[in-house]
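Student: The file below is model-v1.cif, mmCIF, C-alpha atoms and all ligand atoms:
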data_data
#
loop_
_atom_site.label_atom_id
_atom_site.label_comp_id
_atom_site.auth_asym_id
_atom_site.auth_seq_id
_atom_site.Cartn_x
_atom_site.Cartn_y
_atom_site.Cartn_z
CA MET A 1 18.40 -1.30 15.81
CA ILE A 2 17.39 1.82 17.72
CA ILE A 3 13.71 2.10 18.65
CA PHE A 4 12.20 5.58 18.96
CA LYS A 5 8.72 6.24 20.30
CA GLU A 6 8.71 10.03 20.55
CA PRO A 7 8.49 12.08 17.32
CA THR A 8 10.73 14.83 18.70
CA ASP A 9 13.48 12.34 19.63
CA ILE A 10 13.64 10.65 16.24
CA HIS A 11 13.28 14.00 14.45
CA GLU A 12 16.26 15.51 16.27
CA PHE A 13 18.31 12.38 15.57
CA LEU A 14 17.44 12.45 11.87
CA ILE A 15 17.95 16.21 11.49
CA ALA A 16 21.54 15.65 12.64
CA LYS A 17 21.93 12.83 10.09
CA LYS A 18 20.52 15.03 7.33
CA LYS A 19 22.97 17.80 8.24
CA ALA A 20 25.76 15.24 7.98
CA GLN A 21 24.40 14.32 4.50
CA VAL A 22 23.56 10.74 5.45
CA LEU A 23 21.28 9.18 2.79
CA THR A 24 18.15 7.92 4.49
CA GLY A 25 15.55 5.43 3.24
CA PHE A 26 12.15 5.23 4.92
CA VAL A 27 9.64 2.34 4.90
CA PRO A 28 6.32 3.23 6.59
CA THR A 29 4.21 0.21 7.60
CA MET A 30 1.34 -0.82 9.81
CA GLY A 31 3.24 -3.82 11.17
CA ALA A 32 2.41 -7.55 11.06
CA LEU A 33 5.44 -7.61 8.82
CA HIS A 34 6.01 -10.16 6.06
CA GLU A 35 8.43 -10.68 3.18
CA GLY A 36 6.70 -7.91 1.19
CA HIS A 37 7.69 -5.35 3.81
CA ILE A 38 11.13 -6.88 4.22
CA GLY A 39 11.66 -6.56 0.44
CA LEU A 40 11.23 -2.80 0.86
CA ILE A 41 13.67 -2.73 3.78
CA THR A 42 16.24 -4.69 1.76
CA ARG A 43 15.88 -2.37 -1.23
CA ALA A 44 16.23 0.66 1.08
CA LYS A 45 19.27 -0.95 2.69
CA ASN A 46 20.92 -1.36 -0.73
CA GLU A 47 20.27 2.25 -1.72
CA SER A 48 20.76 4.27 1.46
CA GLN A 49 23.06 4.60 4.44
CA LEU A 50 20.39 4.61 7.13
CA VAL A 51 17.12 2.68 6.97
CA ILE A 52 14.11 3.74 9.02
CA CYS A 53 10.95 1.68 9.36
CA SER A 54 7.81 2.91 11.09
CA ILE A 55 5.08 0.73 12.53
CA PHE A 56 1.89 2.63 13.16
CA VAL A 57 -1.65 1.36 12.66
CA ASN A 58 -3.20 4.62 11.57
CA PRO A 59 -6.77 4.94 12.88
CA THR A 60 -7.67 7.78 10.49
CA GLN A 61 -7.32 5.63 7.36
CA PHE A 62 -9.77 2.94 8.46
CA ASN A 63 -13.25 3.67 7.17
CA ASP A 64 -14.43 0.51 8.97
CA PRO A 65 -13.78 0.59 12.76
CA ALA A 66 -14.07 -3.24 12.97
CA ASP A 67 -11.24 -3.58 10.44
CA PHE A 68 -9.07 -1.28 12.59
CA LYS A 69 -9.83 -3.27 15.75
CA LYS A 70 -8.96 -6.57 14.08
CA TYR A 71 -5.76 -5.35 12.43
CA PRO A 72 -3.08 -7.94 13.36
CA ASN A 73 -0.36 -7.00 15.85
CA THR A 74 2.83 -9.11 15.88
CA ILE A 75 5.25 -6.52 17.23
CA GLU A 76 7.79 -8.89 18.83
CA LYS A 77 8.13 -10.90 15.64
CA ASP A 78 8.27 -7.65 13.63
CA ILE A 79 11.24 -6.39 15.67
CA LEU A 80 13.13 -9.66 15.10
CA LEU A 81 12.42 -9.54 11.35
CA LEU A 82 13.59 -5.94 11.11
CA GLU A 83 16.80 -6.65 13.02
CA LYS A 84 17.50 -9.63 10.79
CA ALA A 85 16.95 -7.47 7.69
CA GLY A 86 19.44 -4.89 8.97
CA CYS A 87 16.96 -2.07 9.60
CA ASP A 88 18.73 0.70 11.56
CA ILE A 89 15.83 2.51 13.18
CA LEU A 90 12.29 1.59 14.13
CA PHE A 91 9.81 4.39 14.81
CA LEU A 92 6.99 3.09 16.97
CA PRO A 93 4.80 6.04 17.94
CA SER A 94 1.53 6.00 19.88
CA VAL A 95 -1.67 7.42 18.40
CA GLU A 96 -1.36 10.39 20.80
CA ALA A 97 2.17 11.10 19.59
CA ILE A 98 1.08 11.27 15.94
CA TYR A 99 -2.21 13.04 16.63
CA PRO A 100 -1.67 15.26 19.68
CA ILE A 101 -4.88 16.65 21.14
CA GLU A 102 -3.61 20.23 20.81
CA ASN A 103 -3.12 19.71 17.08
CA LYS A 104 -6.59 18.47 16.14
CA THR A 105 -7.17 20.44 12.93
CA SER A 106 -6.68 18.21 9.94
CA ARG A 107 -5.92 19.51 6.48
CA MET A 108 -7.93 18.27 3.51
CA TYR A 109 -5.72 17.16 0.62
CA GLU A 110 -6.81 17.94 -2.93
CA LEU A 111 -6.56 14.47 -4.42
CA GLY A 112 -8.99 14.99 -7.31
CA PHE A 113 -10.24 11.83 -9.02
CA LEU A 114 -7.86 9.63 -6.96
CA ALA A 115 -10.09 10.17 -3.93
CA THR A 116 -13.28 9.07 -5.67
CA VAL A 117 -12.40 6.09 -7.90
CA LEU A 118 -11.72 2.43 -7.01
CA GLU A 119 -10.28 2.35 -3.45
CA GLY A 120 -11.39 5.96 -3.00
CA LYS A 121 -14.97 5.08 -3.93
CA PHE A 122 -15.21 1.96 -1.78
CA ARG A 123 -13.28 3.35 1.21
CA PRO A 124 -14.50 6.93 1.62
CA GLY A 125 -12.02 9.07 3.53
CA HIS A 126 -9.34 6.39 3.41
CA PHE A 127 -6.86 8.36 1.32
CA GLN A 128 -7.33 11.53 3.39
CA GLY A 129 -6.26 9.41 6.37
CA VAL A 130 -3.31 8.02 4.42
CA CYS A 131 -2.20 11.55 3.45
CA GLN A 132 -2.64 12.80 7.00
CA VAL A 133 -0.36 10.13 8.46
CA VAL A 134 2.20 10.10 5.65
CA HIS A 135 2.46 13.92 5.78
CA ARG A 136 3.18 13.73 9.53
CA LEU A 137 5.64 10.88 9.11
CA LEU A 138 7.47 12.71 6.31
CA ASN A 139 7.75 15.83 8.48
CA ILE A 140 9.16 13.76 11.33
CA VAL A 141 11.50 11.46 9.37
CA ILE A 142 12.47 13.86 6.50
CA PRO A 143 13.72 10.92 4.41
CA GLY A 144 15.76 11.12 1.23
CA LYS A 145 13.86 8.19 -0.26
CA LEU A 146 10.46 6.73 0.53
CA TYR A 147 9.87 3.06 -0.29
CA LEU A 148 6.35 1.93 -1.22
CA GLY A 149 4.87 -1.33 -2.55
CA GLN A 150 3.13 -1.65 -5.91
CA LYS A 151 0.64 -3.91 -4.11
CA ASP A 152 -1.09 -0.67 -3.03
CA PHE A 153 -1.03 0.81 -6.51
CA GLN A 154 -3.51 3.65 -5.95
CA GLN A 155 -1.88 4.50 -2.63
CA CYS A 156 1.42 4.99 -4.48
CA MET A 157 -0.34 7.46 -6.82
CA VAL A 158 -1.92 9.25 -3.85
CA ILE A 159 1.40 9.56 -2.03
CA ALA A 160 3.10 10.84 -5.19
CA LYS A 161 0.35 13.50 -5.34
CA LEU A 162 0.82 14.29 -1.63
CA VAL A 163 4.57 14.78 -2.07
CA GLU A 164 3.78 17.23 -4.89
CA LEU A 165 1.09 19.06 -2.85
CA ILE A 166 3.35 19.59 0.16
CA ASN A 167 6.43 20.44 -1.93
CA CYS A 168 8.46 17.66 -0.40
CA ASP A 169 11.80 16.70 -1.99
CA THR A 170 11.65 13.04 -0.89
CA GLN A 171 12.09 10.63 -3.80
CA ILE A 172 9.48 7.86 -4.12
CA ILE A 173 10.65 4.35 -4.99
CA ILE A 174 7.96 1.80 -5.90
CA CYS A 175 8.88 -1.85 -5.31
CA PRO A 176 7.26 -4.88 -6.96
CA THR A 177 4.58 -6.92 -5.18
CA GLN A 178 5.95 -9.92 -3.29
CA ARG A 179 3.80 -13.04 -3.58
CA GLU A 180 3.35 -16.38 -1.89
CA THR A 181 4.30 -19.39 -4.05
CA ASP A 182 0.64 -19.80 -5.11
CA GLY A 183 0.53 -16.18 -6.34
CA LEU A 184 -1.37 -14.61 -3.43
CA ALA A 185 -0.03 -11.10 -2.80
CA MET A 186 1.57 -11.02 0.65
CA SER A 187 -0.50 -8.94 3.05
CA SER A 188 -0.85 -8.53 6.79
CA ARG A 189 -4.54 -9.22 6.28
CA ASN A 190 -3.76 -12.76 5.03
CA LEU A 191 -3.22 -13.67 8.70
CA ARG A 192 -6.96 -13.28 9.19
CA LEU A 193 -7.89 -15.86 6.53
CA ASN A 194 -9.04 -19.27 7.75
CA GLU A 195 -7.77 -22.42 6.03
CA ALA A 196 -10.55 -22.56 3.42
CA GLU A 197 -10.31 -18.83 2.66
CA ARG A 198 -6.52 -19.04 2.36
CA LYS A 199 -6.93 -21.81 -0.25
CA MET A 200 -9.40 -19.70 -2.23
CA ALA A 201 -7.49 -16.38 -1.96
CA PRO A 202 -4.99 -16.94 -4.86
CA LEU A 203 -7.95 -16.93 -7.28
CA ILE A 204 -7.67 -13.13 -7.34
CA TYR A 205 -4.14 -13.30 -8.79
CA LYS A 206 -5.16 -16.10 -11.20
CA THR A 207 -8.03 -13.91 -12.42
CA LEU A 208 -5.69 -10.96 -12.95
CA GLN A 209 -3.33 -13.26 -14.86
CA PHE A 210 -6.22 -14.49 -17.01
CA ILE A 211 -7.02 -10.89 -17.93
CA LYS A 212 -3.36 -10.26 -18.69
CA ASN A 213 -3.39 -13.21 -21.08
CA HIS A 214 -6.50 -12.02 -22.94
CA PHE A 215 -6.68 -8.22 -22.76
CA LYS A 216 -5.31 -7.67 -26.26
CA THR A 217 -7.99 -9.76 -27.92
CA VAL A 218 -11.11 -9.63 -25.74
CA ASP A 219 -13.36 -6.62 -25.11
CA PHE A 220 -12.59 -5.16 -21.64
CA ARG A 221 -16.21 -5.04 -20.47
CA HIS A 222 -16.63 -8.72 -21.24
CA LEU A 223 -13.36 -9.59 -19.49
CA LYS A 224 -14.23 -7.61 -16.35
CA GLU A 225 -17.82 -8.87 -16.11
CA ASN A 226 -16.73 -12.49 -16.49
CA ALA A 227 -13.93 -12.07 -13.94
CA GLN A 228 -16.32 -10.55 -11.40
CA LEU A 229 -18.89 -13.31 -12.03
CA GLU A 230 -16.29 -16.07 -11.59
CA LEU A 231 -14.90 -14.55 -8.37
CA ASN A 232 -18.37 -14.00 -6.90
CA LYS A 233 -19.35 -17.59 -7.83
CA SER A 234 -16.30 -18.83 -5.89
CA GLY A 235 -17.32 -17.05 -2.70
CA PHE A 236 -15.73 -13.62 -3.08
CA LYS A 237 -17.68 -10.39 -2.84
CA VAL A 238 -16.00 -8.19 -5.43
CA ASP A 239 -15.83 -4.44 -4.80
CA TYR A 240 -14.25 -3.78 -8.19
CA ILE A 241 -12.20 -5.30 -10.94
CA GLU A 242 -11.05 -2.59 -13.29
CA ILE A 243 -8.61 -2.06 -16.14
CA ALA A 244 -7.11 1.44 -16.01
CA GLU A 245 -4.33 3.47 -17.57
CA ALA A 246 -1.50 3.24 -15.06
CA GLU A 247 -0.50 6.90 -15.37
CA ASN A 248 -3.87 8.60 -14.81
CA PHE A 249 -6.52 5.96 -14.05
CA ASN A 250 -8.49 6.70 -17.25
CA ILE A 251 -10.74 3.72 -17.94
CA PRO A 252 -10.36 2.56 -21.56
CA ASP A 253 -12.84 0.09 -23.09
CA LYS A 254 -10.32 -1.67 -25.27
CA TYR A 255 -6.60 -2.21 -25.69
CA ILE A 256 -4.65 0.86 -26.78
CA GLU A 257 -1.08 0.28 -27.87
CA ASN A 258 1.65 2.30 -26.09
CA LYS A 259 -0.49 2.98 -23.02
CA LYS A 260 0.60 1.32 -19.79
CA LEU A 261 -2.40 -0.55 -18.40
CA VAL A 262 -3.01 -1.98 -14.94
CA VAL A 263 -5.75 -4.34 -13.80
CA LEU A 264 -6.82 -3.81 -10.19
CA CYS A 265 -9.10 -5.83 -7.96
CA ALA A 266 -10.55 -5.56 -4.46
CA ALA A 267 -12.68 -8.34 -3.05
CA PHE A 268 -13.88 -9.64 0.26
CA LEU A 269 -13.52 -13.23 1.37
CA ASN A 270 -16.10 -13.15 4.16
CA GLU A 271 -14.71 -10.52 6.58
CA VAL A 272 -11.31 -10.02 4.96
CA ARG A 273 -10.82 -7.51 2.18
CA LEU A 274 -7.98 -8.31 -0.23
CA ILE A 275 -6.54 -6.10 -2.97
CA ASP A 276 -4.16 -6.85 -5.81
CA ASN A 277 -3.09 -5.52 -9.21
CA ILE A 278 -0.77 -6.33 -12.08
CA ILE A 279 0.57 -4.34 -14.99
CA LEU A 280 -0.90 -5.79 -18.18
CA ASN A 281 1.61 -4.77 -20.81
CA ASP A 282 4.99 -5.58 -19.31
CA ALA A 283 7.19 -8.63 -19.65
CA ASN A 284 6.43 -10.25 -16.23
P1 LIG B 1 1.13 -1.88 5.13
O1 LIG B 1 1.85 -2.35 6.35
O2 LIG B 1 0.18 -2.90 4.58
O3 LIG B 1 0.55 -0.51 5.27
O4 LIG B 1 2.25 -1.76 4.00
C1 LIG B 1 3.39 -0.99 4.18
C2 LIG B 1 4.11 -0.89 2.85
O5 LIG B 1 4.47 -2.20 2.41
C3 LIG B 1 3.25 -0.27 1.75
O6 LIG B 1 4.06 0.57 0.93
C4 LIG B 1 2.78 -1.48 0.99
O7 LIG B 1 2.45 -1.22 -0.36
C5 LIG B 1 3.99 -2.39 1.10
N1 LIG B 1 3.59 -3.78 0.89
C6 LIG B 1 2.60 -4.45 1.53
N2 LIG B 1 2.50 -5.71 1.03
C7 LIG B 1 3.42 -5.81 0.05
C8 LIG B 1 3.78 -6.85 -0.86
N3 LIG B 1 3.18 -8.02 -0.87
N4 LIG B 1 4.79 -6.60 -1.73
C9 LIG B 1 5.43 -5.40 -1.75
N5 LIG B 1 5.12 -4.38 -0.92
C10 LIG B 1 4.13 -4.58 -0.04
#
For the structure just supplied, provide its representation as C-alpha cells.

Tutor:
Amino acid sequence: MIIFKEPTDIHEFLIAKKKAQVLTGFVPTMGALHEGHIGLITRAKNESQLVICSIFVNPTQFNDPADFKKYPNTIEKDILLLEKAGCDILFLPSVEAIYPIENKTSRMYELGFLATVLEGKFRPGHFQGVCQVVHRLLNIVIPGKLYLGQKDFQQCMVIAKLVELINCDTQIIICPTQRETDGLAMSSRNLRLNEAERKMAPLIYKTLQFIKNHFKTVDFRHLKENAQLELNKSGFKVDYIEIAEAENFNIPDKYIENKKLVVLCAAFLNEVRLIDNIILNDAN
C-alpha cells in the first residue's frame, strides 16, 4: 500500500490513473478502523481496479470540541487492517494540508431541510463540515466510485446532495451497516464505551427492531414515545428517535404502503453519542 500525505502528490498520481482509465474506488474515513470500514474497502476492491482510503479526523464537522479531542486514533492498527484488506492507497493528510491558511474562505452548501432535521438539528454545522471535507477530498482523489455506509444514513443523503451541487460525476455506492454479534452497529466511538455501557449499547438496535416488528400496526407517535421512554429509562439520553420516508425525510404519522421508511436514532450513553438506523419495509 502506498501512503500519501500531500494532496498534490496523490492528486498527480490519481490524475495519471484517471487518464489511463483506471477505475478507482474511494473510502473516506476518520480512522479507528473496524469491520464496517473494511466492508467498504472490500466492496470497493471487488468493483474497482484501484482502492483509495483516506484517514482524516475532520475538525470542521465536530460541533463539540471535546468529541473531536477524544476521537480515537489507532493509526498503526489501521494501516495493518488496510494492507490486509488489499487497499492500494492510503491518503493521510494533515489538517493544514486539507485546510491551508491561504485558502480560508469556506463555501456554504445549500442543503435545505437536510441541514436542519435530525442530525442537522442536534449537531448544528456538522453537515457543512462534512460537505467541506468531502468536497476537498473529491477534488483531490477524483474517484470513479465513492463508498459510504448506511450507518450514517443522513450523511449519505447529504453527500448525494453535495455531489449534485458541485456537478461531480462520482458514483455513490451505499453499503449495509456492519454489526457486532449482539446487533450493535460497529463504530469507532464504541471504543470509548466502558464495560457497562458496551453491554447496554445494543438496546438501540433492539429498539429499532421492535419498531420494525410493529410499525404496520401501531401508531407511530406511540411507538416513538415508548421507544424513547424505554431507552431513557435504561440510561440513554435520546436526542431523537424518528420514523421518516427514506427518500426525502418526510415524517409520516402512520404506515403508508409503497413508501420506503427508515427509523433513525441518536442517543448518548454518558459521554458517547451513538447513532443507528434500519429500513423498516425491507426483507432484512
Ligand atoms: P467514519 O470513519 O465513522 O467517518 O466512517 C467512514 C465511513 O464508514 C462512512 O461512510 C461510514 O458510514 C462508514 N461506516 C462506519 N461504520 C460503519 C458500519 N458499522 N457499517 C458500514 N459502514 C460503516

Student: How would you report the residues lying within 10 Å of ligand LIG 1 (chain B), as a ChimeraX atom specification, if you count only C-alpha atoms and all ligand atoms?

Tutor: /A:27-41,53-58,130,146-156,159,173-180,184-189,275-276

Student: Listing only residues of region 98-210 of chain A within 8 Å of region 225-244 of chain A, what is the closest atom pair and its distance in Å (to one decimal) for each, using only C-alpha atoms, sorted by chain and residue number ascending, as a Markdown table?

Tutor:
| residue | atom | partner | partner_atom | distance |
| --- | --- | --- | --- | --- |
| A:Leu118 | CA | A:Tyr240 | CA | 6.8 |
| A:Phe122 | CA | A:Asp239 | CA | 7.1 |
| A:Met200 | CA | A:Ser234 | CA | 7.9 |
| A:Leu203 | CA | A:Leu231 | CA | 7.4 |
| A:Ile204 | CA | A:Leu231 | CA | 7.4 |
| A:Thr207 | CA | A:Ala227 | CA | 6.4 |

Student: What box, with edges along x, y and z, holds each listed atom of region 9-26 of chain A when 8 Å is added on every side, and can you state its centre and edge lengths in Å to one decimal, as lines of an AutoDock Vina configuration file?

Tutor:
center_x = 19.0
center_y = 11.5
center_z = 11.2
size_x = 29.6
size_y = 28.6
size_z = 32.8

Student: Calculate how many Å separate CA of Ile140 (chain A) from CA of Ala16 (chain A), rounding to one decimal.

Tutor: 12.6 Å

Student: Find the distance between CA of Glu247 (chain A) and CA of Glu119 (chain A) and write it in Å to one decimal.

Tutor: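 Between these atoms lies a distance of 16.1 Å.
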
Student: Grab the CA of Leu261 (chain A) to CA of Leu165 (chain A) distance for me, in Å with one decimal place.

Tutor: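 Computing the Euclidean distance for CA of Leu261 (chain A) and CA of Leu165 (chain A) yields 25.3 Å.
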
Student: In file coordinates, which residues lie within 12 Å of (8.2, 2.7, -25.2) using all atoms listed in the file, given as a ChimeraX atom specification?

Tutor: /A:257-260,281-282

Student: Identify, on the basis of all atoms listed in the file, every residue whose closest approach to Pro202 (chain A) does not exceed 7 Å; exclude the query and any residue fewer than 4 positions from it along the same chain; express the result as a ChimeraX atom specification.

Tutor: /A:182-184,206

Student: Can you tell me which residues surround Lys254 (chain A) at a distance of at most 9 Å, considering only C-alpha atoms, apart from same-chain residues fewer than 2 positions away, and format the answer as a list in words?

Tutor: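 Residues near the query, excluding close chain neighbours: Phe215, Lys216, Thr217, Val218, Asp219, Phe220, Arg221, Pro252 and Ile256 of chain A.
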
Student: Pick the closest to Gly25 (chain A) from A:His222, A:Arg43, A:Lys69, A:His126: which is it, counting only C-alpha atoms?

Tutor: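 Of all the options, A:Arg43 lies closest to Gly25 (chain A).
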
Student: My list of candidates is A:Asp253, A:Gln61, A:Thr74, A:Leu111. Which is closest to Pro124 (chain A) when distances are computed with only C-alpha atoms?

Tutor: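 Answer, going by the shortest atom-to-atom distance: A:Gln61.
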
Student: Neighbouring residues of Val51 (chain A) were defined as those with any atom within 9 Å, considering all atoms listed in the file; residues of the same chain fewer than 4 positions away were excluded. Please report them as a ChimeraX atom specification.

Tutor: /A:23-27,41,44-45,86-90

Student: Of the candidates A:Ile2, A:Leu208, A:Ala196, A:Val272, which one gets nearest to Phe91 (chain A) if we count only C-alpha atoms?

Tutor: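 Between A:Ile2, A:Leu208, A:Ala196, A:Val272, the residue approaching Phe91 (chain A) most closely is A:Ile2.
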
Student: Which is closest to Phe4 (chain A) among A:Val163, A:Phe68, A:Ala97, A:Ala85, if we use all atoms listed in the file?

Tutor: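 Looking only at the distances to Phe4 (chain A), the closest residue turns out to be A:Ala97.
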
Student: Please export region 13-28 of chain A as a CSV table (one decimal), in the first residue's frame, restricted to N, CA, C and O atoms.

Tutor:
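Wrote out13.csv, looks like this:
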chain,number,residue,atom,x,y,z
A,13,PHE,N,-0.8,11.6,-8.9
A,13,PHE,CA,-0.8,10.2,-9.1
A,13,PHE,C,-2.1,9.7,-9.7
A,13,PHE,O,-2.2,8.9,-10.6
A,14,LEU,N,-3.2,10.2,-9.1
A,14,LEU,CA,-4.5,9.8,-9.5
A,14,LEU,C,-5.0,10.4,-10.8
A,14,LEU,O,-5.8,9.7,-11.5
A,15,ILE,N,-4.5,11.6,-11.1
A,15,ILE,CA,-4.8,12.1,-12.4
A,15,ILE,C,-4.3,11.2,-13.5
A,15,ILE,O,-5.0,10.9,-14.5
A,16,ALA,N,-3.1,10.7,-13.3
A,16,ALA,CA,-2.4,9.8,-14.3
A,16,ALA,C,-3.2,8.5,-14.4
A,16,ALA,O,-3.5,8.0,-15.5
A,17,LYS,N,-3.7,8.0,-13.3
A,17,LYS,CA,-4.6,6.8,-13.3
A,17,LYS,C,-5.9,7.1,-14.1
A,17,LYS,O,-6.3,6.2,-14.8
A,18,LYS,N,-6.4,8.2,-13.8
A,18,LYS,CA,-7.7,8.6,-14.5
A,18,LYS,C,-7.5,8.7,-16.0
A,18,LYS,O,-8.4,8.2,-16.8
A,19,LYS,N,-6.4,9.3,-16.4
A,19,LYS,CA,-6.1,9.4,-17.8
A,19,LYS,C,-5.9,8.0,-18.5
A,19,LYS,O,-6.3,7.8,-19.6
A,20,ALA,N,-5.4,7.1,-17.7
A,20,ALA,CA,-5.2,5.7,-18.2
A,20,ALA,C,-6.5,4.9,-18.0
A,20,ALA,O,-6.5,3.6,-18.1
A,21,GLN,N,-7.6,5.5,-17.6
A,21,GLN,CA,-8.9,4.9,-17.4
A,21,GLN,C,-9.0,3.8,-16.4
A,21,GLN,O,-9.7,2.8,-16.5
A,22,VAL,N,-8.2,4.0,-15.4
A,22,VAL,CA,-8.2,3.0,-14.2
A,22,VAL,C,-9.4,3.3,-13.4
A,22,VAL,O,-9.7,4.5,-13.1
A,23,LEU,N,-10.2,2.3,-13.1
A,23,LEU,CA,-11.5,2.5,-12.3
A,23,LEU,C,-11.1,2.6,-10.8
A,23,LEU,O,-10.5,1.7,-10.2
A,24,THR,N,-11.4,3.8,-10.2
A,24,THR,CA,-11.0,4.0,-8.8
A,24,THR,C,-12.2,4.0,-7.8
A,24,THR,O,-13.2,4.5,-8.2
A,25,GLY,N,-12.0,3.4,-6.7
A,25,GLY,CA,-13.0,3.4,-5.6
A,25,GLY,C,-12.4,4.0,-4.4
A,25,GLY,O,-11.3,3.7,-4.0
A,26,PHE,N,-13.2,4.9,-3.8
A,26,PHE,CA,-12.7,5.7,-2.7
A,26,PHE,C,-13.5,5.5,-1.4
A,26,PHE,O,-14.7,5.6,-1.5
A,27,VAL,N,-12.8,5.3,-0.3
A,27,VAL,CA,-13.5,5.1,1.0
A,27,VAL,C,-12.9,6.2,2.0
A,27,VAL,O,-11.9,6.0,2.6
A,28,PRO,N,-13.6,7.3,2.2
A,28,PRO,CA,-13.2,8.3,3.2
A,28,PRO,C,-13.5,7.8,4.6
A,28,PRO,O,-14.7,7.4,4.8
